[in-house]
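Novice: Sharing work.txt, compact mmCIF, C-alpha atoms:
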```
# COMPACT_ATOMS: atom_id res chain seq x y z
CA MET A 300 -37.68 0.08 -18.75
CA GLU A 301 -34.22 1.02 -17.52
CA ASN A 302 -31.49 1.48 -20.07
CA ARG A 303 -29.16 -1.16 -18.71
CA THR A 304 -25.89 -1.99 -20.37
CA LEU A 305 -23.53 -4.87 -19.73
CA SER A 306 -20.59 -3.41 -21.65
CA PHE A 307 -17.53 -5.64 -21.77
CA TYR A 308 -15.24 -2.60 -21.49
CA PHE A 309 -14.75 0.37 -19.20
CA ASN A 310 -13.39 3.72 -20.39
CA LEU A 311 -10.81 5.38 -18.10
CA THR A 312 -11.66 9.01 -18.82
CA MET A 313 -9.03 10.81 -16.73
CA PHE A 314 -6.26 9.93 -19.18
CA MET A 315 -7.64 12.76 -21.31
CA SER A 316 -6.43 15.15 -18.59
CA ILE A 317 -2.79 14.17 -19.24
CA GLY A 318 -3.06 15.10 -22.93
CA HIS A 319 0.20 16.12 -24.61
CA HIS A 320 2.12 15.57 -21.36
CA ARG A 321 1.83 11.81 -21.82
CA TYR A 322 5.35 11.26 -23.23
CA PRO A 323 7.21 13.06 -20.40
CA ALA A 324 4.78 11.37 -17.97
CA PHE A 325 5.62 7.97 -19.51
CA VAL A 326 9.38 8.48 -19.13
CA PHE A 327 9.01 9.75 -15.57
CA CYS A 328 6.69 6.91 -14.52
CA LEU A 329 8.91 4.29 -16.20
CA LEU A 330 11.94 5.56 -14.26
CA LEU A 331 9.81 5.61 -11.10
CA TYR A 332 8.76 2.00 -11.64
CA VAL A 333 12.36 0.91 -12.28
CA PHE A 334 13.41 2.65 -9.05
CA ILE A 335 10.57 1.00 -7.07
CA VAL A 336 11.52 -2.47 -8.33
CA SER A 337 15.26 -1.94 -7.83
CA ALA A 338 15.07 -0.31 -4.37
CA ASN A 339 12.61 -2.82 -2.94
CA LEU A 340 14.53 -5.76 -4.41
CA VAL A 341 17.69 -4.49 -2.71
CA ILE A 342 15.87 -4.37 0.65
CA ILE A 343 14.49 -7.91 0.16
CA LEU A 344 17.84 -9.34 -0.95
CA VAL A 345 19.78 -7.72 1.87
CA ILE A 346 17.39 -8.97 4.55
CA SER A 347 17.13 -12.48 3.07
CA ARG A 348 20.91 -12.90 2.64
CA GLU A 349 22.17 -11.44 5.92
CA ARG A 350 21.55 -13.82 8.82
CA THR A 351 21.95 -10.99 11.34
CA LEU A 352 18.81 -9.40 9.83
CA HIS A 353 16.65 -12.51 10.26
CA GLU A 354 14.72 -10.83 13.05
CA PRO A 355 10.97 -10.03 13.14
CA MET A 356 11.37 -6.28 12.54
CA TYR A 357 13.50 -6.78 9.41
CA MET A 358 11.36 -9.66 8.15
CA PHE A 359 8.28 -7.41 8.31
CA ILE A 360 10.19 -4.77 6.35
CA ALA A 361 10.97 -7.41 3.69
CA PHE A 362 7.28 -8.32 3.50
CA LEU A 363 6.42 -4.63 3.15
CA SER A 364 8.88 -4.33 0.24
CA PHE A 365 7.47 -7.48 -1.37
CA ASN A 366 3.99 -5.98 -1.14
CA SER A 367 5.29 -2.81 -2.81
CA LEU A 368 6.54 -4.94 -5.72
CA TYR A 369 3.17 -6.71 -5.87
CA GLY A 370 1.12 -3.49 -5.95
CA SER A 371 3.43 -1.66 -8.36
CA THR A 372 3.58 -4.58 -10.80
CA GLY A 373 -0.21 -4.81 -10.71
CA PHE A 374 -0.52 -1.13 -11.64
CA PHE A 375 2.44 0.31 -13.57
CA PRO A 376 2.66 -1.96 -16.70
CA ARG A 377 -0.98 -1.31 -17.59
CA PHE A 378 -0.70 2.38 -16.68
CA LEU A 379 2.40 2.85 -18.84
CA MET A 380 0.67 1.24 -21.83
CA ASP A 381 -2.37 3.47 -21.35
CA LEU A 382 -0.17 6.58 -21.30
CA LEU A 383 0.98 5.82 -24.85
CA SER A 384 -2.39 4.63 -26.11
CA ASP A 385 -4.99 6.75 -27.89
CA THR A 386 -7.83 4.69 -26.41
CA HIS A 387 -8.17 3.85 -22.74
CA LEU A 388 -10.56 0.94 -22.70
CA ILE A 389 -10.13 -1.89 -20.22
CA SER A 390 -12.09 -5.14 -20.22
CA ARG A 391 -14.37 -6.00 -17.30
CA SER A 392 -12.19 -8.95 -16.26
CA ALA A 393 -8.99 -6.85 -16.43
CA CYS A 394 -10.70 -4.02 -14.56
CA PHE A 395 -11.83 -6.19 -11.66
CA THR A 396 -8.43 -7.91 -11.58
CA GLN A 397 -6.79 -4.49 -11.27
CA ILE A 398 -9.25 -3.53 -8.52
CA TYR A 399 -8.39 -6.70 -6.61
CA VAL A 400 -4.62 -6.21 -6.91
CA ILE A 401 -4.66 -2.51 -5.95
CA TYR A 402 -7.09 -2.96 -3.06
CA THR A 403 -5.30 -6.02 -1.65
CA TYR A 404 -1.97 -4.16 -1.96
CA ALA A 405 -3.42 -1.26 0.06
CA SER A 406 -4.96 -3.61 2.65
CA TYR A 407 -1.76 -5.66 2.97
CA ASP A 408 0.21 -2.48 3.56
CA ILE A 409 -1.92 -1.35 6.47
CA THR A 410 -2.18 -4.82 8.05
CA ILE A 411 1.61 -5.27 7.84
CA LEU A 412 2.08 -1.82 9.41
CA GLY A 413 -0.29 -2.94 12.18
CA ILE A 414 1.78 -6.07 12.82
CA MET A 415 4.97 -3.98 12.83
CA ALA A 416 3.37 -1.73 15.47
CA TYR A 417 2.69 -4.81 17.62
CA ASP A 418 6.31 -5.92 17.15
CA ARG A 419 7.63 -2.53 18.32
CA TYR A 420 5.15 -2.49 21.23
CA VAL A 421 6.36 -5.88 22.49
CA ALA A 422 10.02 -4.92 21.97
CA VAL A 423 9.70 -1.68 23.98
CA CYS A 424 6.99 -2.46 26.53
CA GLN A 425 7.62 -6.18 27.13
CA PRO A 426 11.30 -6.74 26.22
CA LEU A 427 11.74 -9.79 28.49
CA HIS A 428 8.97 -11.63 26.62
CA TYR A 429 9.94 -10.47 23.13
CA HIS A 430 11.62 -13.65 21.83
CA ARG A 431 8.82 -15.82 23.20
CA LYS A 432 6.02 -13.67 21.79
CA MET A 433 7.70 -12.93 18.46
CA SER A 434 9.00 -16.37 17.54
CA ARG A 435 9.51 -17.33 13.89
CA LYS A 436 6.25 -19.31 13.94
CA THR A 437 4.36 -16.30 15.33
CA VAL A 438 5.85 -14.01 12.70
CA PHE A 439 4.76 -16.21 9.79
CA SER A 440 1.34 -16.78 11.37
CA LEU A 441 0.78 -13.02 11.68
CA VAL A 442 1.91 -12.40 8.10
CA ALA A 443 -0.29 -15.21 6.79
CA MET A 444 -3.28 -13.74 8.64
CA ALA A 445 -2.44 -10.27 7.26
CA TRP A 446 -2.52 -11.66 3.71
CA VAL A 447 -5.41 -14.15 3.91
CA PHE A 448 -8.02 -12.05 5.74
CA PRO A 449 -7.95 -8.95 3.42
CA GLY A 450 -7.82 -11.19 0.36
CA PHE A 451 -10.90 -13.11 1.49
CA VAL A 452 -13.06 -10.09 2.37
CA LEU A 453 -12.02 -8.19 -0.77
CA THR A 454 -12.94 -11.17 -2.94
CA ALA A 455 -16.43 -11.10 -1.42
CA CYS A 456 -16.75 -7.32 -1.84
CA ILE A 457 -15.53 -7.25 -5.46
CA SER A 458 -17.74 -10.23 -6.37
CA LEU A 459 -20.77 -8.18 -5.31
CA SER A 460 -19.67 -5.30 -7.57
CA ALA A 461 -18.94 -7.60 -10.50
CA GLY A 462 -22.54 -8.85 -10.45
CA LEU A 463 -24.15 -5.39 -10.68
CA PRO A 464 -26.00 -4.40 -13.88
CA LEU A 465 -24.40 -1.17 -15.11
CA CYS A 466 -25.87 1.85 -16.94
CA GLY A 467 -22.57 3.27 -18.12
CA ASN A 468 -18.90 2.41 -18.61
CA GLU A 469 -16.99 5.63 -17.88
CA ILE A 470 -14.65 5.57 -14.87
CA GLN A 471 -13.27 8.96 -13.78
CA LYS A 472 -9.82 7.64 -12.90
CA VAL A 473 -6.63 6.41 -14.52
CA PHE A 474 -7.18 2.98 -12.97
CA CYS A 475 -10.18 0.89 -11.99
CA ALA A 476 -11.67 1.52 -8.55
CA ASN A 477 -14.50 -0.37 -6.90
CA TRP A 478 -16.54 2.66 -5.83
CA ASN A 479 -16.39 4.16 -9.34
CA VAL A 480 -17.81 0.93 -10.76
CA VAL A 481 -20.53 0.74 -8.11
CA LYS A 482 -21.63 4.31 -8.98
CA LEU A 483 -22.44 3.09 -12.53
CA SER A 484 -25.02 0.61 -11.23
CA CYS A 485 -28.61 0.72 -12.51
CA VAL A 486 -29.96 -0.78 -9.27
CA THR A 487 -29.72 0.09 -5.60
CA THR A 488 -26.28 -0.51 -4.07
CA THR A 489 -27.21 -0.54 -0.37
CA VAL A 490 -25.64 -3.96 0.20
CA ASN A 491 -22.43 -2.91 -1.59
CA ASN A 492 -22.25 0.28 0.50
CA ILE A 493 -22.68 -1.61 3.77
CA VAL A 494 -20.15 -4.30 2.82
CA GLY A 495 -17.71 -1.60 1.62
CA MET A 496 -18.09 0.31 4.89
CA LEU A 497 -17.52 -2.82 7.00
CA LEU A 498 -14.53 -3.72 4.84
CA THR A 499 -13.02 -0.24 5.28
CA ILE A 500 -13.49 -0.42 9.05
CA ALA A 501 -11.99 -3.93 9.28
CA THR A 502 -8.99 -3.46 6.98
CA VAL A 503 -8.21 0.26 7.38
CA PHE A 504 -9.56 1.94 10.50
CA LEU A 505 -9.05 -0.90 13.00
CA PRO A 506 -5.33 -1.32 12.07
CA LEU A 507 -4.91 2.48 12.10
CA PHE A 508 -6.44 2.79 15.56
CA TYR A 509 -4.31 -0.12 16.78
CA VAL A 510 -1.13 1.56 15.50
CA LEU A 511 -2.08 4.76 17.34
CA TYR A 512 -2.82 2.78 20.51
CA THR A 513 0.53 0.94 20.47
CA TYR A 514 2.47 4.16 20.01
CA LEU A 515 0.63 5.82 22.86
CA ARG A 516 1.72 2.89 25.04
CA ILE A 517 5.30 3.19 23.76
CA VAL A 518 5.32 6.94 24.51
CA ALA A 519 4.01 6.22 28.02
CA VAL A 520 6.83 3.73 28.65
CA CYS A 521 9.52 6.06 27.25
CA TRP A 522 8.27 9.08 29.21
CA LYS A 523 10.25 8.30 32.37
CA LYS A 524 13.21 6.55 30.74
CA SER A 525 16.68 7.91 30.03
CA ALA A 526 17.57 9.97 26.95
CA GLU A 527 19.68 7.06 25.65
CA PHE A 528 16.73 4.68 25.87
CA LYS A 529 14.46 7.18 24.11
CA GLY A 530 17.06 7.58 21.35
CA LYS A 531 17.23 3.83 20.72
CA VAL A 532 13.43 3.54 20.66
CA LEU A 533 13.14 6.50 18.31
CA GLN A 534 15.73 5.02 15.95
CA SER A 535 13.85 1.72 15.67
CA CYS A 536 10.33 3.21 15.60
CA LEU A 537 10.83 6.33 13.45
CA PRO A 538 10.84 4.56 10.04
CA HIS A 539 7.63 2.76 10.93
CA MET A 540 5.99 6.00 12.09
CA VAL A 541 7.02 7.73 8.85
CA SER A 542 5.60 4.85 6.76
CA PHE A 543 2.40 4.97 8.80
CA VAL A 544 1.99 8.73 8.28
CA ILE A 545 2.71 8.44 4.54
CA TYR A 546 0.14 5.67 4.15
CA SER A 547 -2.47 7.49 6.24
CA ILE A 548 -2.19 10.73 4.25
CA THR A 549 -2.17 9.07 0.81
CA GLY A 550 -4.99 6.69 1.76
CA PHE A 551 -7.11 9.55 3.07
CA CYS A 552 -6.56 11.49 -0.18
CA ASP A 553 -7.75 8.54 -2.27
CA ILE A 554 -10.84 7.88 -0.11
CA ALA A 555 -11.76 11.58 -0.09
CA LEU A 556 -11.19 11.88 -3.85
CA SER A 557 -13.44 8.91 -4.62
CA ARG A 558 -16.33 10.66 -2.83
CA TYR A 559 -15.66 14.08 -4.41
CA ASN A 560 -16.99 15.50 -7.67
CA LEU A 561 -13.83 15.53 -9.79
CA GLU A 562 -15.30 18.10 -12.20
CA GLU A 563 -14.97 20.72 -9.47
CA ILE A 564 -11.17 20.45 -9.17
CA ASN A 565 -8.27 20.67 -11.61
CA SER A 566 -8.16 17.42 -13.59
CA PHE A 567 -4.35 17.16 -13.52
CA VAL A 568 -4.36 17.62 -9.72
CA ALA A 569 -7.03 14.92 -9.48
CA VAL A 570 -4.77 12.50 -11.39
CA ILE A 571 -1.82 13.23 -9.09
CA LEU A 572 -3.92 12.80 -5.94
CA SER A 573 -5.44 9.54 -7.18
CA LEU A 574 -1.96 8.07 -7.78
CA GLU A 575 -0.43 9.01 -4.41
CA PHE A 576 -1.31 5.91 -2.42
CA ILE A 577 -0.11 3.61 -5.24
CA VAL A 578 3.16 5.45 -5.96
CA LEU A 579 4.43 7.18 -2.80
CA PRO A 580 4.65 4.28 -0.28
CA PRO A 581 6.59 1.93 -2.64
CA VAL A 582 8.97 4.81 -3.48
CA LEU A 583 9.49 6.18 0.04
CA ASN A 584 9.47 2.99 2.14
CA PRO A 585 12.84 1.62 0.89
CA LEU A 586 14.36 5.11 1.28
CA VAL A 587 12.98 5.46 4.82
CA TYR A 588 14.13 2.03 6.01
CA GLY A 589 17.34 2.01 3.99
CA LEU A 590 18.47 5.40 5.29
CA LYS A 591 17.12 5.33 8.86
CA LEU A 592 18.03 1.79 9.95
CA PRO A 593 21.85 1.52 10.11
CA GLU A 594 21.95 -2.28 9.71
CA ILE A 595 20.01 -2.23 6.44
CA ARG A 596 21.95 0.81 5.20
CA ARG A 597 25.32 -0.78 5.96
CA HIS A 598 24.53 -4.14 4.35
CA SER A 599 22.89 -2.46 1.34
CA LEU A 600 25.98 -0.36 0.65
CA LYS A 601 28.17 -3.42 1.09
CA MET A 602 26.11 -5.45 -1.37
CA LEU A 603 26.00 -2.64 -3.96
CA SER A 604 29.76 -2.06 -3.74
CA ARG A 605 30.31 -5.82 -4.20
CA TYR A 606 28.30 -5.80 -7.45
CA LYS A 607 30.19 -2.76 -8.76
CA GLN A 608 33.57 -4.50 -8.46
```
Would you mind writing the structure in this file as structure tokens?

Specialist:
Amino acid sequence: MENRTLSFYFNLTMFMSIGHHRYPAFVFCLLLYVFIVSANLVIILVISRERTLHEPMYMFIAFLSFNSLYGSTGFFPRFLMDLLSDTHLISRSACFTQIYVIYTYASYDITILGIMAYDRYVAVCQPLHYHRKMSRKTVFSLVAMAWVFPGFVLTACISLSAGLPLCGNEIQKVFCANWNVVKLSCVTTTVNNIVGMLLTIATVFLPLFYVLYTYLRIVAVCWKKSAEFKGKVLQSCLPHMVSFVIYSITGFCDIALSRYNLEEINSFVAVILSLEFIVLPPVLNPLVYGLKLPEIRRHSLKMLSRYKQ
């Protein structure tokens, strides 16, 4: 008879890798979280308050910043408490809640980036039809679809994992991850693997391929245009391309790390790599959009100077 266990707690074992560095790590991560909240709030407030920024491109940036707040708030408070704790146990319900928040945050990010790619494609390749195709109703419909679809499919996927009988409770990460839980199963996980693969294709690879396709079309349109036109397109598209590259690299690192034997690499490096896709996009996105888009930069500086007075 199999030694099955239905433990009510999971043990996050990779916190042991941080060891005596936990106090400097706590201070650094706390400051990082404060910066993420402050920077993304500034972007949201600027775009919501300035009527000149009530355009699709800026509204999508605001949604991206809101998603950064959602993902960071779902991760950092628990992570900061674990850094100062001597035990790193997390209940099953809290673990699966964390999985849902982190995975929906990641899925929302890529779907929003896909919608932003469509917005830039229409603006550059079909400028005469832009206001008709990107009306306010269309914008909110696209955003609603980007939030509802990943949330629905992730609920189904995580529900399958939550029903598995487990033969262990040790998760080799500093946060809960679906694949790490599935690996603890006492029974075959073929269905979970298939559903996980379909989910990854639908919420990650399809949006990524679509972003690449739209930018190939944009490059084709810009190829024979003037240098001034290319400069304007580059100014509006560069922040999105940077965000896309950041997300792609950090997402790839996390997917590759989840399939790799962590005992074969430095444990501290493994912790850093596992945190990239949760930490880097929320930190870099407001810097990229705030510094590269002159309208956001100008209004942000104006708002900050007003509060200082």

Novice: State, in Å with one decimal place, the distance from CA of Arg321 in chain A to CA of Pro581 in chain A.

Specialist: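 Between CA of Arg321 in chain A and CA of Pro581 in chain A the gap is 22.1 Å.
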
Novice: Quick one: pull the distance between CA of Leu483 in chain A and CA of Ile457 in chain A, Å, one decimal.

Specialist: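 That distance, rounded to one decimal, is 14.3 Å.
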
Novice: Could you list as number ranges by chain every residue that has an atom within 7 Å of (-19.5, 8.0, -11.9), using the file's coordinates and counting only C-alpha atoms?

Specialist: A: 469-471, 479, 482-483

Novice: Please provide the set of residues having any atom within 7 Å of Cys475 in chain A, restricted to all atoms listed in the file, with same-chain residues fewer than 3 positions apart removed, written as a PyMOL selection string.

Specialist: chain A and resi 394+397-398+472

Novice: As a ChimeraX atom specification, please: the residues near range 357-362 of chain A (cut-off 7 Å, only C-alpha atoms, same-chain neighbours under 6 positions excluded).

Specialist: /A:342-343,346,415

Novice: Using all atoms listed in the file, which of the listed residues (A:Ala569, A:Ile409, A:Val473, A:Leu330) sits closest to Val503 in chain A?

Specialist: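 Result for the nearest residue to Val503 in chain A: A:Ile409.
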
Novice: How many Å separate CA of Glu594 in chain A from CA of Arg348 in chain A?

Specialist: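 Answer for the CA of Glu594 in chain A to CA of Arg348 in chain A separation: 12.8 Å.
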
Novice: Select all residues near (-5.4, -7.0, 6.3) (cut-off 10 Å, inclusive, file coordinates), counting all atoms listed in the file, and output them as a ChimeraX atom specification.

Specialist: /A:403-414,442-453,498,501-503,505-506

Novice: Compile the contact shell of range 570-578 of chain A as number ranges by chain: residues with an atom at most 9 Å away, counting all atoms listed in the file, same-chain residues fewer than 4 positions apart removed.

Specialist: A: 313-314, 316-317, 331-332, 335, 367, 370-371, 374, 401, 404-405, 472-474, 545-553, 556-557, 565-566, 582-583

Novice: Excluding same-chain residues fewer than 3 positions from range 485-488 of chain A, what lies within 7 Å of it counting all atoms listed in the file, as a ChimeraX atom specification?

Specialist: /A:303,464-466,491-492

Novice: I need the chosen residues saved as a CSV table (one decimal), keeping the file's coordinate frame, with C-alpha atoms.

Specialist:
```csv
chain,number,residue,atom,x,y,z
A,303,ARG,CA,-29.2,-1.2,-18.7
A,464,PRO,CA,-26.0,-4.4,-13.9
A,465,LEU,CA,-24.4,-1.2,-15.1
A,466,CYS,CA,-25.9,1.8,-16.9
A,491,ASN,CA,-22.4,-2.9,-1.6
A,492,ASN,CA,-22.2,0.3,0.5
```

Novice: I need the residue nearest Phe567 in chain A from this list: A:Asn584, A:Ala324, A:Ser347, A:Val518. Use all atoms listed in the file for the distance.

Specialist: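 Among A:Asn584, A:Ala324, A:Ser347, A:Val518, it is A:Ala324 that comes nearest to Phe567 in chain A.
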
Novice: Return the single residue from A:Cys328, A:Met356, A:Ala455, A:Val481 that is closest to Tyr588 in chain A, with distances computed using all atoms listed in the file.

Specialist: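 Result for the nearest residue to Tyr588 in chain A: A:Met356.
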
Novice: Which is closest to Lys529 in chain A among A:Gly589, A:Val423, A:Pro580, A:Asp385, if we use only C-alpha atoms?

Specialist: A:Val423

Novice: Please determine, counting only C-alpha atoms, which residue among A:Ser460, A:Val544, A:Ser392, A:Tyr509 has the shortest atom-to-atom distance to Val490 in chain A.

Specialist: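 For Val490 in chain A, the nearest of the given residues is A:Ser460.
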
Novice: Of the candidates A:Val336, A:Met540, A:Ala526, A:Leu368, which one gets nearest to Leu507 in chain A if we count all atoms listed in the file?

Specialist: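 Closest to Leu507 in chain A of all the choices is A:Met540.
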
Novice: Skip Glu354 in chain A itself and residues of its chain fewer than 6 positions away, then list as a PyMOL selection string all residues within 10 Å of it, counting all atoms listed in the file.

Specialist: chain A and resi 346+430+433-435+438

Novice: Could you model N, CA, C and O atoms for range 512-537 of chain A and present them as an mmCIF file, keeping the file's coordinate frame?

Specialist:
```cif
data_model
loop_
_atom_site.group_PDB
_atom_site.id
_atom_site.type_symbol
_atom_site.label_atom_id
_atom_site.label_comp_id
_atom_site.auth_asym_id
_atom_site.auth_seq_id
_atom_site.Cartn_x
_atom_site.Cartn_y
_atom_site.Cartn_z
ATOM 1 N N TYR A 512 -2.789 3.275 19.139
ATOM 2 C CA TYR A 512 -2.820 2.780 20.510
ATOM 3 C C TYR A 512 -1.442 2.278 20.959
ATOM 4 O O TYR A 512 -0.980 2.602 22.056
ATOM 5 N N THR A 513 -0.779 1.484 20.097
ATOM 6 C CA THR A 513 0.530 0.940 20.470
ATOM 7 C C THR A 513 1.552 2.052 20.682
ATOM 8 O O THR A 513 2.377 1.984 21.601
ATOM 9 N N TYR A 514 1.487 3.096 19.851
ATOM 10 C CA TYR A 514 2.470 4.160 20.010
ATOM 11 C C TYR A 514 2.176 5.042 21.219
ATOM 12 O O TYR A 514 3.099 5.616 21.812
ATOM 13 N N LEU A 515 0.938 5.142 21.604
ATOM 14 C CA LEU A 515 0.630 5.820 22.860
ATOM 15 C C LEU A 515 1.218 5.050 24.040
ATOM 16 O O LEU A 515 1.751 5.646 24.984
ATOM 17 N N ARG A 516 1.137 3.709 23.983
ATOM 18 C CA ARG A 516 1.720 2.890 25.040
ATOM 19 C C ARG A 516 3.250 3.013 25.041
ATOM 20 O O ARG A 516 3.878 3.061 26.105
ATOM 21 N N ILE A 517 3.845 3.055 23.851
ATOM 22 C CA ILE A 517 5.300 3.190 23.760
ATOM 23 C C ILE A 517 5.755 4.538 24.320
ATOM 24 O O ILE A 517 6.741 4.622 25.056
ATOM 25 N N VAL A 518 5.007 5.609 23.979
ATOM 26 C CA VAL A 518 5.320 6.940 24.510
ATOM 27 C C VAL A 518 5.220 6.951 26.035
ATOM 28 O O VAL A 518 6.059 7.536 26.735
ATOM 29 N N ALA A 519 4.199 6.277 26.562
ATOM 30 C CA ALA A 519 4.010 6.220 28.020
ATOM 31 C C ALA A 519 5.180 5.519 28.691
ATOM 32 O O ALA A 519 5.641 5.939 29.775
ATOM 33 N N VAL A 520 5.697 4.453 28.084
ATOM 34 C CA VAL A 520 6.830 3.730 28.650
ATOM 35 C C VAL A 520 8.108 4.563 28.577
ATOM 36 O O VAL A 520 8.917 4.581 29.520
ATOM 37 N N CYS A 521 8.292 5.272 27.452
ATOM 38 C CA CYS A 521 9.520 6.060 27.250
ATOM 39 C C CYS A 521 9.538 7.346 28.086
ATOM 40 O O CYS A 521 10.606 7.941 28.277
ATOM 41 N N TRP A 522 8.380 7.770 28.554
ATOM 42 C CA TRP A 522 8.270 9.080 29.210
ATOM 43 C C TRP A 522 9.250 9.255 30.362
ATOM 44 O O TRP A 522 9.860 10.310 30.522
ATOM 45 N N LYS A 523 9.413 8.200 31.177
ATOM 46 C CA LYS A 523 10.250 8.300 32.370
ATOM 47 C C LYS A 523 11.616 7.629 32.196
ATOM 48 O O LYS A 523 12.363 7.499 33.169
ATOM 49 N N LYS A 524 11.932 7.216 30.990
ATOM 50 C CA LYS A 524 13.210 6.550 30.740
ATOM 51 C C LYS A 524 14.299 7.561 30.415
ATOM 52 O O LYS A 524 14.051 8.755 30.242
ATOM 53 N N SER A 525 15.529 7.061 30.317
ATOM 54 C CA SER A 525 16.680 7.910 30.030
ATOM 55 C C SER A 525 16.668 8.391 28.592
ATOM 56 O O SER A 525 15.979 7.830 27.733
ATOM 57 N N ALA A 526 17.473 9.425 28.313
ATOM 58 C CA ALA A 526 17.570 9.970 26.950
ATOM 59 C C ALA A 526 18.148 8.936 25.994
ATOM 60 O O ALA A 526 17.760 8.871 24.825
ATOM 61 N N GLU A 527 19.083 8.097 26.490
ATOM 62 C CA GLU A 527 19.680 7.060 25.650
ATOM 63 C C GLU A 527 18.644 6.027 25.224
ATOM 64 O O GLU A 527 18.605 5.612 24.061
ATOM 65 N N PHE A 528 17.789 5.632 26.173
ATOM 66 C CA PHE A 528 16.730 4.680 25.870
ATOM 67 C C PHE A 528 15.755 5.256 24.851
ATOM 68 O O PHE A 528 15.361 4.590 23.899
ATOM 69 N N LYS A 529 15.375 6.526 25.046
ATOM 70 C CA LYS A 529 14.460 7.180 24.110
ATOM 71 C C LYS A 529 15.058 7.248 22.711
ATOM 72 O O LYS A 529 14.355 7.075 21.717
ATOM 73 N N GLY A 530 16.389 7.503 22.649
ATOM 74 C CA GLY A 530 17.060 7.580 21.350
ATOM 75 C C GLY A 530 17.031 6.256 20.612
ATOM 76 O O GLY A 530 16.786 6.218 19.399
ATOM 77 N N LYS A 531 17.257 5.151 21.343
ATOM 78 C CA LYS A 531 17.230 3.830 20.720
ATOM 79 C C LYS A 531 15.818 3.481 20.228
ATOM 80 O O LYS A 531 15.645 2.921 19.147
ATOM 81 N N VAL A 532 14.814 3.807 21.049
ATOM 82 C CA VAL A 532 13.430 3.540 20.660
ATOM 83 C C VAL A 532 13.044 4.360 19.438
ATOM 84 O O VAL A 532 12.420 3.859 18.498
ATOM 85 N N LEU A 533 13.453 5.625 19.432
ATOM 86 C CA LEU A 533 13.140 6.500 18.310
ATOM 87 C C LEU A 533 13.779 6.001 17.030
ATOM 88 O O LEU A 533 13.158 6.012 15.961
ATOM 89 N N GLN A 534 15.034 5.516 17.134
ATOM 90 C CA GLN A 534 15.730 5.020 15.950
ATOM 91 C C GLN A 534 15.033 3.816 15.345
ATOM 92 O O GLN A 534 14.958 3.684 14.116
ATOM 93 N N SER A 535 14.505 2.920 16.188
ATOM 94 C CA SER A 535 13.850 1.720 15.670
ATOM 95 C C SER A 535 12.403 1.966 15.259
ATOM 96 O O SER A 535 11.867 1.279 14.389
ATOM 97 N N CYS A 536 11.754 2.970 15.864
ATOM 98 C CA CYS A 536 10.330 3.210 15.600
ATOM 99 C C CYS A 536 10.077 4.294 14.546
ATOM 100 O O CYS A 536 9.011 4.312 13.925
ATOM 101 N N LEU A 537 11.040 5.204 14.355
ATOM 102 C CA LEU A 537 10.830 6.330 13.450
ATOM 103 C C LEU A 537 10.485 5.911 12.024
ATOM 104 O O LEU A 537 9.526 6.454 11.436
#
```
